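Shown here: data_32.cif, mmCIF, C-alpha atoms.
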data_structure
loop_
_atom_site.label_atom_id
_atom_site.label_comp_id
_atom_site.auth_asym_id
_atom_site.auth_seq_id
_atom_site.Cartn_x
_atom_site.Cartn_y
_atom_site.Cartn_z
CA MET A 1 14.64 12.22 38.33
CA THR A 2 15.28 13.36 34.75
CA VAL A 3 15.22 16.93 33.45
CA PHE A 4 12.89 17.39 30.46
CA VAL A 5 12.62 20.36 28.12
CA TRP A 6 9.11 21.15 26.89
CA GLU A 7 7.17 23.46 24.61
CA GLY A 8 3.49 24.35 24.53
CA LYS A 9 0.87 27.09 24.30
CA ASN A 10 -0.64 29.04 27.19
CA THR A 11 -4.27 30.09 27.50
CA GLN A 12 -3.59 33.12 25.27
CA GLY A 13 -2.23 30.86 22.51
CA LYS A 14 1.35 32.06 22.97
CA VAL A 15 4.12 29.48 22.48
CA ILE A 16 6.15 29.04 25.67
CA SER A 17 8.88 26.61 26.72
CA GLY A 18 10.79 25.55 29.79
CA GLU A 19 12.36 22.72 31.76
CA MET A 20 10.88 20.33 34.31
CA GLU A 21 12.26 17.56 36.50
CA ALA A 22 10.10 14.44 36.34
CA LYS A 23 10.14 10.64 36.12
CA SER A 24 8.85 10.51 32.56
CA ALA A 25 7.63 12.62 29.65
CA GLN A 26 4.08 11.55 30.52
CA VAL A 27 4.38 13.13 33.96
CA VAL A 28 5.58 16.37 32.33
CA PHE A 29 2.63 16.26 29.93
CA ASN A 30 0.10 15.83 32.77
CA ALA A 31 1.74 18.54 34.89
CA LEU A 32 1.57 21.04 32.04
CA LYS A 33 -2.08 20.20 31.40
CA ALA A 34 -2.77 20.85 35.08
CA GLN A 35 -1.18 24.28 34.66
CA ARG A 36 -3.57 25.01 31.74
CA ILE A 37 -0.73 24.74 29.22
CA ALA A 38 -1.35 22.86 25.97
CA PRO A 39 1.89 20.88 25.59
CA ASN A 40 3.35 19.76 22.27
CA ILE A 41 4.00 16.08 22.94
CA LYS A 42 6.64 15.95 20.18
CA LYS A 43 8.63 18.72 21.86
CA ILE A 44 8.86 17.05 25.28
CA ARG A 45 12.27 15.34 25.51
CA GLU A 46 15.12 14.70 27.88
CA LYS A 47 17.51 17.61 28.18
CA GLY A 48 20.77 17.08 26.33
CA ARG A 49 19.42 14.43 23.95
CA GLY A 50 18.98 16.80 21.04
CA LEU A 51 16.19 15.91 18.66
CA GLU A 52 15.98 12.32 19.95
CA MET A 53 16.11 11.12 16.37
CA GLU A 54 12.77 12.81 15.62
CA ILE A 55 13.95 13.73 12.14
CA LYS A 56 12.09 11.32 9.87
CA ILE A 57 12.02 10.83 6.14
CA PRO A 58 8.39 10.88 4.95
CA GLY A 59 7.24 7.49 3.71
CA PHE A 60 9.97 5.57 5.55
CA GLY A 61 10.11 3.95 8.97
CA PRO A 62 7.50 1.84 10.76
CA LYS A 63 3.85 2.86 10.53
CA VAL A 64 0.76 1.86 12.44
CA LYS A 65 -1.35 -0.30 10.12
CA SER A 66 -5.12 -0.53 10.22
CA LYS A 67 -4.85 -4.30 10.55
CA ASP A 68 -2.77 -3.91 13.74
CA VAL A 69 -5.39 -1.59 15.26
CA VAL A 70 -8.24 -3.96 14.35
CA ILE A 71 -6.52 -6.97 15.94
CA PHE A 72 -5.66 -4.89 19.02
CA THR A 73 -9.26 -3.67 19.37
CA ARG A 74 -10.74 -7.15 19.24
CA GLN A 75 -8.19 -8.56 21.71
CA PHE A 76 -8.56 -5.54 23.99
CA ALA A 77 -12.35 -5.98 24.03
CA THR A 78 -11.96 -9.64 25.05
CA MET A 79 -9.53 -8.75 27.87
CA ILE A 80 -11.75 -5.97 29.24
CA ASP A 81 -14.81 -8.25 29.08
CA SER A 82 -12.81 -10.83 31.08
CA GLY A 83 -12.25 -8.29 33.87
CA LEU A 84 -8.57 -7.56 33.19
CA PRO A 85 -7.45 -4.07 34.35
CA LEU A 86 -6.81 -1.50 31.59
CA VAL A 87 -3.12 -1.04 32.37
CA GLN A 88 -2.41 -4.77 32.46
CA ALA A 89 -4.29 -5.36 29.21
CA LEU A 90 -2.40 -2.56 27.46
CA GLU A 91 0.92 -3.88 28.77
CA ILE A 92 0.23 -7.41 27.50
CA LEU A 93 -0.88 -6.20 24.07
CA ALA A 94 2.10 -3.83 23.78
CA LYS A 95 4.51 -6.71 24.47
CA GLN A 96 2.96 -9.04 21.93
CA THR A 97 2.66 -6.62 19.01
CA GLU A 98 5.48 -6.83 16.44
CA ASN A 99 4.90 -3.35 15.01
CA LYS A 100 7.41 -1.04 16.74
CA ALA A 101 5.42 2.11 15.99
CA PHE A 102 2.24 0.61 17.46
CA LYS A 103 4.17 -0.74 20.47
CA LYS A 104 5.27 2.83 21.20
CA VAL A 105 1.66 4.02 20.89
CA LEU A 106 0.36 1.39 23.32
CA ASN A 107 3.12 2.06 25.86
CA GLY A 108 2.38 5.79 25.68
CA THR A 109 -1.33 5.14 26.22
CA LYS A 110 -0.53 2.83 29.15
CA GLU A 111 1.64 5.51 30.79
CA HIS A 112 -1.18 8.02 30.48
CA VAL A 113 -3.68 5.65 32.13
CA GLU A 114 -1.15 4.79 34.88
CA THR A 115 -0.88 8.47 35.85
CA GLY A 116 -4.66 8.78 36.29
CA GLY A 117 -5.68 9.87 32.79
CA THR A 118 -8.57 8.40 30.85
CA LEU A 119 -8.07 5.83 28.12
CA ALA A 120 -9.70 8.12 25.53
CA ASP A 121 -7.36 11.02 26.36
CA GLY A 122 -4.36 8.71 26.17
CA MET A 123 -5.41 7.44 22.75
CA ALA A 124 -6.14 10.98 21.52
CA LYS A 125 -2.40 11.72 21.78
CA PHE A 126 -1.74 9.22 18.98
CA PRO A 127 -3.94 10.21 16.02
CA GLU A 128 -1.75 8.13 13.69
CA ALA A 129 -3.28 5.05 15.34
CA PHE A 130 -6.57 6.19 16.88
CA ASP A 131 -8.68 8.63 14.85
CA SER A 132 -11.41 10.92 16.20
CA LEU A 133 -14.06 8.24 15.62
CA TYR A 134 -12.11 5.74 17.73
CA VAL A 135 -11.42 8.22 20.53
CA ASN A 136 -15.01 9.47 20.74
CA MET A 137 -16.41 5.96 20.91
CA VAL A 138 -13.93 4.93 23.61
CA GLN A 139 -14.86 8.05 25.55
CA ALA A 140 -18.56 7.13 25.28
CA GLY A 141 -17.76 3.58 26.39
CA GLU A 142 -15.80 4.79 29.41
CA SER A 143 -18.49 7.22 30.54
CA GLY A 144 -21.25 4.62 30.03
CA GLY A 145 -19.35 1.73 31.62
CA ILE A 146 -19.67 -0.38 28.48
CA LEU A 147 -16.11 -0.13 27.14
CA ASP A 148 -15.96 -3.82 26.17
CA VAL A 149 -19.19 -3.52 24.14
CA ILE A 150 -17.94 -0.36 22.41
CA LEU A 151 -14.59 -1.95 21.55
CA GLU A 152 -16.40 -4.94 20.04
CA ARG A 153 -18.50 -2.59 17.89
CA LEU A 154 -15.38 -0.70 16.92
CA SER A 155 -13.61 -3.86 15.76
CA ILE A 156 -16.61 -4.85 13.62
CA HIS A 157 -16.81 -1.33 12.17
CA MET A 158 -13.09 -1.27 11.35
CA GLU A 159 -13.18 -4.70 9.71
CA LYS A 160 -16.02 -3.59 7.46
CA ALA A 161 -14.19 -0.32 6.72
CA MET A 162 -11.06 -2.28 5.73
CA LYS A 163 -13.14 -4.45 3.38
CA LEU A 164 -14.63 -1.31 1.82
CA ARG A 165 -11.15 0.21 1.33
CA ARG A 166 -10.04 -2.98 -0.42
CA GLU A 167 -12.99 -2.67 -2.79
CA ILE A 168 -12.09 0.97 -3.50
CA LYS A 169 -8.47 0.05 -4.23
CA THR A 170 -9.59 -2.72 -6.55
CA ALA A 171 -11.91 -0.32 -8.36
CA MET A 172 -9.13 2.23 -8.86
CA ILE A 173 -6.06 0.03 -9.36
CA TYR A 174 -7.39 -2.55 -11.81
CA PRO A 175 -8.10 -0.15 -14.73
CA GLY A 176 -4.80 1.63 -14.03
CA VAL A 177 -2.84 -1.62 -14.31
CA VAL A 178 -4.51 -2.54 -17.60
CA ILE A 179 -3.99 0.94 -19.09
CA SER A 180 -0.36 0.96 -17.93
CA ALA A 181 0.22 -2.39 -19.61
CA ALA A 182 -1.19 -1.01 -22.87
CA ILE A 183 1.04 2.07 -22.66
CA ILE A 184 4.16 0.00 -21.87
CA VAL A 185 3.56 -2.39 -24.79
CA THR A 186 2.98 0.53 -27.17
CA CYS A 187 6.17 2.29 -26.00
CA ILE A 188 8.22 -0.91 -26.47
CA LEU A 189 6.91 -1.26 -30.02
CA LEU A 190 7.63 2.38 -30.86
CA ILE A 191 11.14 2.43 -29.34
CA PHE A 192 12.49 -1.03 -30.22
CA VAL A 193 10.39 -2.73 -32.90
CA ILE A 194 9.29 0.02 -35.32
CA PRO A 195 12.85 1.45 -35.84
CA THR A 196 13.94 -1.99 -37.08
CA PHE A 197 11.26 -1.89 -39.76
CA GLY A 198 12.19 1.72 -40.53
CA GLU A 199 15.76 0.67 -41.33
CA LEU A 200 14.43 -2.15 -43.50
CA PHE A 201 12.17 0.20 -45.49
CA LYS A 202 14.93 2.75 -46.24
CA ASP A 203 15.95 0.75 -49.31
CA PHE A 204 12.37 0.13 -50.36
CA GLY A 205 12.80 2.46 -53.37
CA ALA A 206 9.21 3.74 -53.35
CA ALA A 207 6.93 5.94 -51.29
CA LEU A 208 5.72 4.16 -48.20
CA PRO A 209 1.97 3.83 -47.52
CA LEU A 210 0.64 6.72 -45.44
CA PRO A 211 -0.13 4.62 -42.31
CA THR A 212 3.39 3.16 -42.39
CA GLN A 213 5.03 6.57 -42.81
CA LEU A 214 2.96 8.04 -39.96
CA VAL A 215 3.95 5.22 -37.61
CA ILE A 216 7.64 5.52 -38.54
CA ASN A 217 7.53 9.31 -38.03
CA LEU A 218 5.88 8.78 -34.64
CA SER A 219 8.53 6.22 -33.69
CA ASP A 220 11.38 8.55 -34.77
CA PHE A 221 9.88 11.37 -32.72
CA PHE A 222 9.46 9.09 -29.70
CA VAL A 223 13.03 7.76 -29.89
CA ALA A 224 14.49 11.27 -30.27
CA ASN A 225 12.45 12.82 -27.45
CA TRP A 226 11.66 9.95 -25.07
CA ILE A 227 13.38 11.70 -22.13
CA PHE A 228 11.19 14.78 -22.53
CA ILE A 229 8.05 12.70 -23.12
CA PHE A 230 8.50 10.55 -20.01
CA GLY A 231 9.72 13.55 -17.98
CA GLY A 232 6.73 15.63 -19.02
CA ALA A 233 4.30 12.80 -18.31
CA GLY A 234 5.89 12.22 -14.89
CA GLY A 235 5.72 15.95 -14.11
CA LEU A 236 2.04 16.12 -15.10
CA ILE A 237 1.17 13.10 -12.96
CA PHE A 238 3.12 14.48 -9.97
CA SER A 239 1.47 17.92 -10.32
CA PHE A 240 -1.98 16.35 -10.62
CA LEU A 241 -1.49 14.20 -7.51
CA ARG A 242 -0.30 17.24 -5.53
CA PHE A 243 -3.27 19.26 -6.77
CA MET A 244 -5.60 16.44 -5.67
CA LYS A 245 -4.31 16.75 -2.08
CA GLN A 246 -4.83 20.52 -1.88
CA GLU A 247 -8.13 21.95 -0.65
CA ARG A 248 -8.65 23.83 -3.91
CA GLY A 249 -8.01 20.65 -5.87
CA LYS A 250 -10.50 18.70 -3.78
CA GLU A 251 -13.14 21.38 -4.28
CA ILE A 252 -12.73 21.14 -8.06
CA LEU A 253 -12.07 17.43 -8.58
CA HIS A 254 -14.43 15.77 -6.08
CA PRO A 255 -17.67 16.99 -7.77
CA ILE A 256 -16.22 15.89 -11.13
CA ALA A 257 -15.40 12.44 -9.71
CA LEU A 258 -19.07 11.90 -8.83
CA LYS A 259 -20.05 12.54 -12.46
CA LEU A 260 -17.60 10.07 -14.02
CA PRO A 261 -19.17 7.12 -15.87
CA VAL A 262 -19.01 3.87 -13.87
CA PHE A 263 -16.54 5.29 -11.32
CA GLY A 264 -18.91 8.07 -10.21
CA ASP A 265 -21.57 5.52 -9.26
CA ILE A 266 -19.03 3.49 -7.26
CA ILE A 267 -17.72 6.61 -5.48
CA ARG A 268 -21.30 7.59 -4.58
CA LYS A 269 -22.12 4.15 -3.18
CA VAL A 270 -18.88 4.08 -1.19
CA ALA A 271 -19.70 7.52 0.29
CA VAL A 272 -23.18 6.39 1.34
CA ALA A 273 -21.87 3.13 2.84
CA ARG A 274 -19.08 4.89 4.76
CA PHE A 275 -21.36 7.65 6.09
CA THR A 276 -24.16 5.35 7.25
CA ARG A 277 -21.80 2.78 8.78
CA THR A 278 -19.80 5.40 10.70
CA LEU A 279 -22.84 7.38 11.88
CA GLY A 280 -24.76 4.23 12.83
CA THR A 281 -21.85 2.85 14.85
CA MET A 282 -21.34 6.12 16.72
CA VAL A 283 -25.03 6.74 17.45
CA SER A 284 -25.50 3.19 18.76
CA SER A 285 -22.47 3.72 21.02
CA GLY A 286 -23.87 6.84 22.65
CA VAL A 287 -21.77 9.48 20.86
CA PRO A 288 -23.78 12.74 20.61
CA ILE A 289 -25.32 13.12 17.15
CA LEU A 290 -23.67 16.52 16.49
CA ASP A 291 -20.21 15.16 17.34
CA ALA A 292 -20.91 12.07 15.25
CA LEU A 293 -21.94 14.11 12.20
CA ASN A 294 -18.87 16.32 12.58
CA ILE A 295 -16.62 13.24 12.53
CA CYS A 296 -18.54 11.75 9.58
CA ALA A 297 -17.99 14.96 7.62
CA ARG A 298 -14.23 14.95 8.30
CA THR A 299 -13.88 11.29 7.29
CA ALA A 300 -16.20 11.44 4.26
CA GLY A 301 -13.35 11.45 1.73
CA ASN A 302 -15.28 13.70 -0.67
CA LYS A 303 -15.89 17.43 -0.37
CA VAL A 304 -19.44 17.19 -1.72
CA VAL A 305 -20.39 14.61 0.91
CA GLU A 306 -18.61 16.63 3.61
CA ARG A 307 -20.59 19.74 2.71
CA ASP A 308 -23.90 17.85 2.69
CA VAL A 309 -23.23 16.20 6.07
CA LEU A 310 -22.29 19.54 7.65
CA ARG A 311 -25.58 20.97 6.36
CA ALA A 312 -27.39 18.08 8.04
CA ARG A 313 -25.49 18.86 11.25
CA ILE A 314 -26.59 22.51 11.13
CA SER A 315 -30.18 21.39 10.55
CA ILE A 316 -30.12 19.14 13.64
CA SER A 317 -28.46 21.85 15.75
CA GLU A 318 -31.45 24.07 14.87
CA GLY A 319 -33.87 21.40 16.08
CA LYS A 320 -34.81 20.18 12.62
CA SER A 321 -34.40 16.85 10.81
CA MET A 322 -31.36 15.88 8.73
CA VAL A 323 -33.69 14.61 6.00
CA GLU A 324 -34.21 17.93 4.22
CA PRO A 325 -30.53 18.83 3.63
CA LEU A 326 -29.70 15.24 2.65
CA SER A 327 -32.62 15.15 0.18
CA GLU A 328 -31.04 18.09 -1.67
CA SER A 329 -27.76 16.20 -2.04
CA VAL A 330 -26.61 14.67 -5.33
CA VAL A 331 -24.98 11.83 -3.37
CA PHE A 332 -27.73 10.39 -1.19
CA PRO A 333 -30.54 8.57 -3.09
CA ALA A 334 -34.16 9.19 -2.16
CA MET A 335 -34.48 5.68 -0.69
CA VAL A 336 -31.60 6.34 1.72
CA VAL A 337 -33.02 9.70 2.79
CA GLN A 338 -36.48 8.19 3.39
CA MET A 339 -35.03 5.34 5.46
CA ILE A 340 -33.05 7.84 7.57
CA GLY A 341 -36.26 9.83 8.06
CA VAL A 342 -38.08 6.70 9.24
CA GLY A 343 -35.20 5.90 11.59
CA GLU A 344 -35.33 9.40 13.09
CA SER A 345 -39.09 9.33 13.60
CA THR A 346 -39.14 5.84 15.16
CA GLY A 347 -36.05 6.30 17.33
CA ALA A 348 -34.24 3.46 15.55
CA LEU A 349 -31.81 5.58 13.56
CA ASP A 350 -28.75 3.46 14.41
CA ALA A 351 -30.38 0.19 13.28
CA MET A 352 -31.66 1.81 10.08
CA LEU A 353 -28.23 3.24 9.27
CA GLN A 354 -26.59 -0.16 9.74
CA LYS A 355 -29.10 -1.75 7.34
CA ILE A 356 -28.38 0.92 4.72
CA ALA A 357 -24.63 0.39 5.19
CA ASP A 358 -24.97 -3.39 4.73
CA PHE A 359 -26.98 -2.87 1.53
CA TYR A 360 -24.59 -0.35 0.00
CA GLU A 361 -21.47 -2.31 0.90
CA ASP A 362 -22.94 -5.21 -1.08
CA GLU A 363 -23.74 -2.75 -3.87
CA VAL A 364 -20.12 -1.58 -3.94
CA ASP A 365 -18.93 -5.19 -4.14
CA ASN A 366 -21.31 -5.92 -7.03
CA ALA A 367 -20.41 -2.68 -8.83
CA VAL A 368 -16.67 -3.39 -8.64
CA THR A 369 -17.19 -6.95 -9.92
CA ALA A 370 -19.33 -5.66 -12.81
CA MET A 371 -16.76 -2.99 -13.64
CA LYS A 372 -13.95 -5.56 -13.82
CA GLN A 373 -16.03 -7.79 -16.07
CA MET A 374 -16.81 -4.84 -18.34
CA ILE A 375 -13.36 -3.24 -18.45
CA GLU A 376 -11.41 -6.43 -19.12
CA PRO A 377 -12.80 -7.14 -22.64
CA ILE A 378 -12.79 -3.42 -23.50
CA MET A 379 -9.12 -3.04 -22.60
CA ILE A 380 -8.23 -6.25 -24.47
CA LEU A 381 -9.97 -4.87 -27.56
CA VAL A 382 -8.21 -1.49 -27.20
CA LEU A 383 -4.80 -3.10 -26.68
CA GLY A 384 -5.42 -5.48 -29.58
CA ALA A 385 -6.51 -2.59 -31.83
CA ILE A 386 -3.36 -0.56 -31.03
CA ILE A 387 -0.97 -3.45 -31.57
CA GLY A 388 -2.91 -4.62 -34.62
CA ALA A 389 -2.82 -1.16 -36.21
CA LEU A 390 0.94 -0.89 -35.68
CA VAL A 391 1.59 -4.37 -37.08
CA ILE A 392 -0.61 -3.80 -40.13
CA ALA A 393 1.06 -0.42 -40.78
CA MET A 394 4.47 -2.11 -40.77
CA TYR A 395 3.42 -4.94 -43.07
CA LEU A 396 1.62 -2.78 -45.66
CA PRO A 397 4.86 -2.10 -47.60
CA ILE A 398 5.62 -5.84 -47.67
CA PHE A 399 2.13 -6.56 -49.00
CA LYS A 400 2.58 -3.80 -51.57
CA MET A 401 5.97 -5.24 -52.61
CA GLY A 402 4.41 -8.69 -52.97
CA SER A 403 1.64 -7.38 -55.22
CA VAL A 404 4.20 -5.54 -57.42
CA VAL A 405 6.38 -8.63 -57.75
CA GLY A 406 3.33 -10.77 -58.47
#

Rewrite the structure from the file as structure tokens, please.
Amino acid sequence: MTVFVWEGKNTQGKVISGEMEAKSAQVVFNALKAQRIAPNIKKIREKGRGLEMEIKIPGFGPKVKSKDVVIFTRQFATMIDSGLPLVQALEILAKQTENKAFKKVLNGTKEHVETGGTLADGMAKFPEAFDSLYVNMVQAGESGGILDVILERLSIHMEKAMKLRREIKTAMIYPGVVISAAIIVTCILLIFVIPTFGELFKDFGAALPLPTQLVINLSDFFVANWIFIFGGAGGLIFSFLRFMKQERGKEILHPIALKLPVFGDIIRKVAVARFTRTLGTMVSSGVPILDALNICARTAGNKVVERDVLRARISISEGKSMVEPLSESVVFPAMVVQMIGVGESTGALDAMLQKIADFYEDEVDNAVTAMKQMIEPIMILVLGAIIGALVIAMYLPIFKMGSVVG
């Protein structure tokens, strides 16, 4: 037996701690739950082992990747469908995974199931791998005796979600790369090329053309203050990214994002596709509609969508339809709202939601392709105009000198 130290909250919400002799941390966890204590799983450790190397540097160390979870889900579904016991299936999959973080998650889930806990509760302890959508669907599968079917649906849902995320990244990264290239080329010209011309024109013996003088002045300013310019730009970007992650920032920026040209339309289509796919998958799996809408709101990715979905949830909790609150939304088109209304009235809401999701995922794909085709020539023209203007400004004195000599 090993002595473990633990920490948790009692029924009054007060933080308490103590020691317990047990075979494993999982046994301690279950014993505390039986005593109506909400244990902090991160604070259960062997006595005398200090922090057990729990001090981690954010952004470093192994992480559970979505791809690992998708592969696990599909393989797990196949094993369960073949009649393999849960514990044995988890043990096999834990041994074969190469991701150390995910191996730890699967072993922890296996220990929970071995001690009599449910699979859903075991997975709920590892939100870094299994989100609330995953846990709720597994719980519905366990209670309905269709865990293999639910896991198969989950794997399909996650694969489509990964494809959608790739489209979002493409939509956001591509313009950023092109703009960054334009900025880098301009900075190189201002710092390294223009000063060379400036030295050449010092002995010109006449007033430089206005465009040339402006470019040289800009270059001199850039060379003299490049540390402050890059430092200020970096500080602004860092502050903006931090503001984006704060609740206040999301409340301000998310409505603006929906109104952006080109990008706003893509963001809206992504929100509709994500909402309908998630809700359709959960409803078809037997997750209660109120729980499903609550999860959809939390995973919406946009505060406007989250607010609209929560309004729909309130409407259903009052015995009404979700159509009315969604029809007032700036995100959901009339066609989508009407199709949801038809699905509610005919009892085929899950099938209707999946059809909408398929349509809008294709729309996102087409919108991203169109955006790339549109942005590429525009950015080439902009980059060409910037470089062309700088080159012409530098050669104007030479042209002027040639005309004087001629």

Please write the residues picked by the PyMOL selection byres ((chain A and resi 309) around 9) on this file as a compact mmCIF listing (two decimals) with C-alpha atoms, in the coordinates of the input.
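Generated file (expr_11.txt):
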# COMPACT_ATOMS: atom_id res chain seq x y z
CA PHE A 275 -21.36 7.65 6.09
CA LEU A 293 -21.94 14.11 12.20
CA ASN A 294 -18.87 16.32 12.58
CA CYS A 296 -18.54 11.75 9.58
CA ALA A 297 -17.99 14.96 7.62
CA ALA A 300 -16.20 11.44 4.26
CA VAL A 304 -19.44 17.19 -1.72
CA VAL A 305 -20.39 14.61 0.91
CA GLU A 306 -18.61 16.63 3.61
CA ARG A 307 -20.59 19.74 2.71
CA ASP A 308 -23.90 17.85 2.69
CA LEU A 310 -22.29 19.54 7.65
CA ARG A 311 -25.58 20.97 6.36
CA ALA A 312 -27.39 18.08 8.04
CA ARG A 313 -25.49 18.86 11.25
CA ILE A 314 -26.59 22.51 11.13
CA MET A 322 -31.36 15.88 8.73
CA PRO A 325 -30.53 18.83 3.63
CA LEU A 326 -29.70 15.24 2.65

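Within 6 Å of the point (-24.5, 3.7, 9.8), and counting only C-alpha atoms, the protein, DNA and RNA residues are Thr276, Arg277, Thr278, Leu279, Gly280, Thr281, Leu353, Gln354 and Ala357 of chain A.
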
Find the residue from A:Thr118, A:Asn10, A:Asn302, A:Gln246 that sits nearest to Gly264 of chain A; use only C-alpha atoms when measuring. A:Asn302

With 12 Å as the threshold, what does the neighbourhood of (3.3, 3.0, 28.1) contain in terms of residues, counting all atoms listed in the file? Coordinates are those of the file; answer as a ChimeraX atom specification. /A:24-27,86-95,102-115,119,122-123

Evaluate the PyMOL selection byres ((chain A and resi 329-341) around 9) against this structure - the residues, as a ChimeraX atom specification, please. /A:258,268-269,271-272,304-305,308,321-328,342-346,349,352-353,356

Which residues fall under the PyMOL selection byres ((chain A and resi 34-42) around 9) in this file, as a PyMOL selection string? chain A and resi 6-11+13+16+25-26+28-33+43-45+54+125

Export C-alpha atoms of the chosen residues as a compact mmCIF listing (two decimals), in the coordinates of the input?
# COMPACT_ATOMS: atom_id res chain seq x y z
CA TRP A 6 9.11 21.15 26.89
CA GLU A 7 7.17 23.46 24.61
CA GLY A 8 3.49 24.35 24.53
CA LYS A 9 0.87 27.09 24.30
CA ASN A 10 -0.64 29.04 27.19
CA THR A 11 -4.27 30.09 27.50
CA GLY A 13 -2.23 30.86 22.51
CA ILE A 16 6.15 29.04 25.67
CA ALA A 25 7.63 12.62 29.65
CA GLN A 26 4.08 11.55 30.52
CA VAL A 28 5.58 16.37 32.33
CA PHE A 29 2.63 16.26 29.93
CA ASN A 30 0.10 15.83 32.77
CA ALA A 31 1.74 18.54 34.89
CA LEU A 32 1.57 21.04 32.04
CA LYS A 33 -2.08 20.20 31.40
CA LYS A 43 8.63 18.72 21.86
CA ILE A 44 8.86 17.05 25.28
CA ARG A 45 12.27 15.34 25.51
CA GLU A 54 12.77 12.81 15.62
CA LYS A 125 -2.40 11.72 21.78

Residue neighbourhood segment 134-142 of chain A, 8 Å, all atoms listed in the file, exclusion window fewer than 4 positions, as a ChimeraX atom specification: /A:119-121,123-124,130,146-151,154,282,285-287

From the list A:Lys202, A:Ile173, A:Ile183, A:Glu361, which residue is nearest Leu383 of chain A when using all atoms listed in the file?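 Selected residue with least distance to Leu383 of chain A: A:Ile183.
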
Residue contacts of segment 362-366 of chain A (10 Å, all atoms listed in the file) excluding same-chain residues fewer than 4 positions away, as a list in words: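 Listed by chain and then number, they are Lys163, Leu164, Arg166, Glu167, Ile168, Thr170, Ala171, Asp265, Ile266, Ile267, Arg268, Lys269, Val270, Ala273, Ala357, Asp358, Ala370 and Met371 of chain A.
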
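The coordinates place atom CA of Trp226 of chain A at 13.8 Å from atom CA of Pro195 of chain A.
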
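Across the model, the gap from atom CA of Gly301 of chain A to atom CA of Ser315 of chain A is 21.4 Å.
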
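From atom CA of Val215 of chain A back to atom CA of Glu376 of chain A, the distance works out to 26.7 Å.
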
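Minimum atom-to-atom distances from A:Arg74, A:Lys245, A:Lys320, A:Lys67 to Ile156 of chain A were compared using all atoms listed in the file, and the lowest value belongs to A:Arg74.
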
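In terms of minimum interatomic distance to Phe72 of chain A, A:Met158 ranks closest within A:Leu396, A:Val382, A:Met158, A:Ile216, counting only C-alpha atoms.
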
Ile252 of chain A surroundings by all atoms listed in the file, 10 Å radius, close-in-sequence under 5 positions cut, as an MDAnalysis selection string: chainID A and resid 243:244 247 257 303

Box for segment 293-299 of chain A - axis-aligned, 5 Å on each of the six sides, all listed atoms - centre and size in Å to one decimal, as JSON.
{"center_x": -17.9, "center_y": 13.8, "center_z": 9.9, "size_x": 18.1, "size_y": 15.0, "size_z": 15.3}

Pick out the closest residue to Asp291 of chain A from this set: A:Leu133, A:Ala385, A:Met20, A:Val3. Count only C-alpha atoms.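 Using only C-alpha atoms, Asp291 of chain A sits closest to A:Leu133.
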
Excluding Ile392 of chain A and any residue of its chain fewer than 3 positions from it, enumerate the residues within 12 Å of it, using only C-alpha atoms, and give them as a ChimeraX atom specification. /A:194,209-212,215,384-389,395-400

With N, CA and C atoms as the target, complete segment 98-108 of chain A and hand it back as a PDB file, in the coordinates of the input.
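Dumped everything to part_0.pdb:
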ATOM      1  N   GLU A  98       4.187  -6.845  17.125  1.00  0.00           N
ATOM      2  CA  GLU A  98       5.480  -6.830  16.440  1.00  0.00           C
ATOM      3  C   GLU A  98       5.763  -5.494  15.777  1.00  0.00           C
ATOM      4  N   ASN A  99       4.730  -4.667  15.633  1.00  0.00           N
ATOM      5  CA  ASN A  99       4.900  -3.350  15.010  1.00  0.00           C
ATOM      6  C   ASN A  99       5.487  -2.379  16.022  1.00  0.00           C
ATOM      7  N   LYS A 100       6.715  -1.900  15.770  1.00  0.00           N
ATOM      8  CA  LYS A 100       7.410  -1.040  16.740  1.00  0.00           C
ATOM      9  C   LYS A 100       6.676   0.281  16.949  1.00  0.00           C
ATOM     10  N   ALA A 101       6.134   0.839  15.870  1.00  0.00           N
ATOM     11  CA  ALA A 101       5.420   2.110  15.990  1.00  0.00           C
ATOM     12  C   ALA A 101       4.181   1.939  16.868  1.00  0.00           C
ATOM     13  N   PHE A 102       3.440   0.839  16.667  1.00  0.00           N
ATOM     14  CA  PHE A 102       2.240   0.610  17.460  1.00  0.00           C
ATOM     15  C   PHE A 102       2.581   0.256  18.902  1.00  0.00           C
ATOM     16  N   LYS A 103       3.710  -0.432  19.102  1.00  0.00           N
ATOM     17  CA  LYS A 103       4.170  -0.740  20.470  1.00  0.00           C
ATOM     18  C   LYS A 103       4.408   0.558  21.244  1.00  0.00           C
ATOM     19  N   LYS A 104       5.017   1.540  20.572  1.00  0.00           N
ATOM     20  CA  LYS A 104       5.270   2.830  21.200  1.00  0.00           C
ATOM     21  C   LYS A 104       3.959   3.538  21.551  1.00  0.00           C
ATOM     22  N   VAL A 105       2.974   3.411  20.657  1.00  0.00           N
ATOM     23  CA  VAL A 105       1.660   4.020  20.890  1.00  0.00           C
ATOM     24  C   VAL A 105       0.992   3.396  22.123  1.00  0.00           C
ATOM     25  N   LEU A 106       1.015   2.070  22.205  1.00  0.00           N
ATOM     26  CA  LEU A 106       0.360   1.390  23.320  1.00  0.00           C
ATOM     27  C   LEU A 106       1.061   1.675  24.643  1.00  0.00           C
ATOM     28  N   ASN A 107       2.391   1.733  24.622  1.00  0.00           N
ATOM     29  CA  ASN A 107       3.120   2.060  25.860  1.00  0.00           C
ATOM     30  C   ASN A 107       2.828   3.488  26.301  1.00  0.00           C
ATOM     31  N   GLY A 108       2.722   4.412  25.343  1.00  0.00           N
ATOM     32  CA  GLY A 108       2.380   5.790  25.680  1.00  0.00           C
ATOM     33  C   GLY A 108       0.983   5.902  26.259  1.00  0.00           C
TER      34      GLY A 108
END
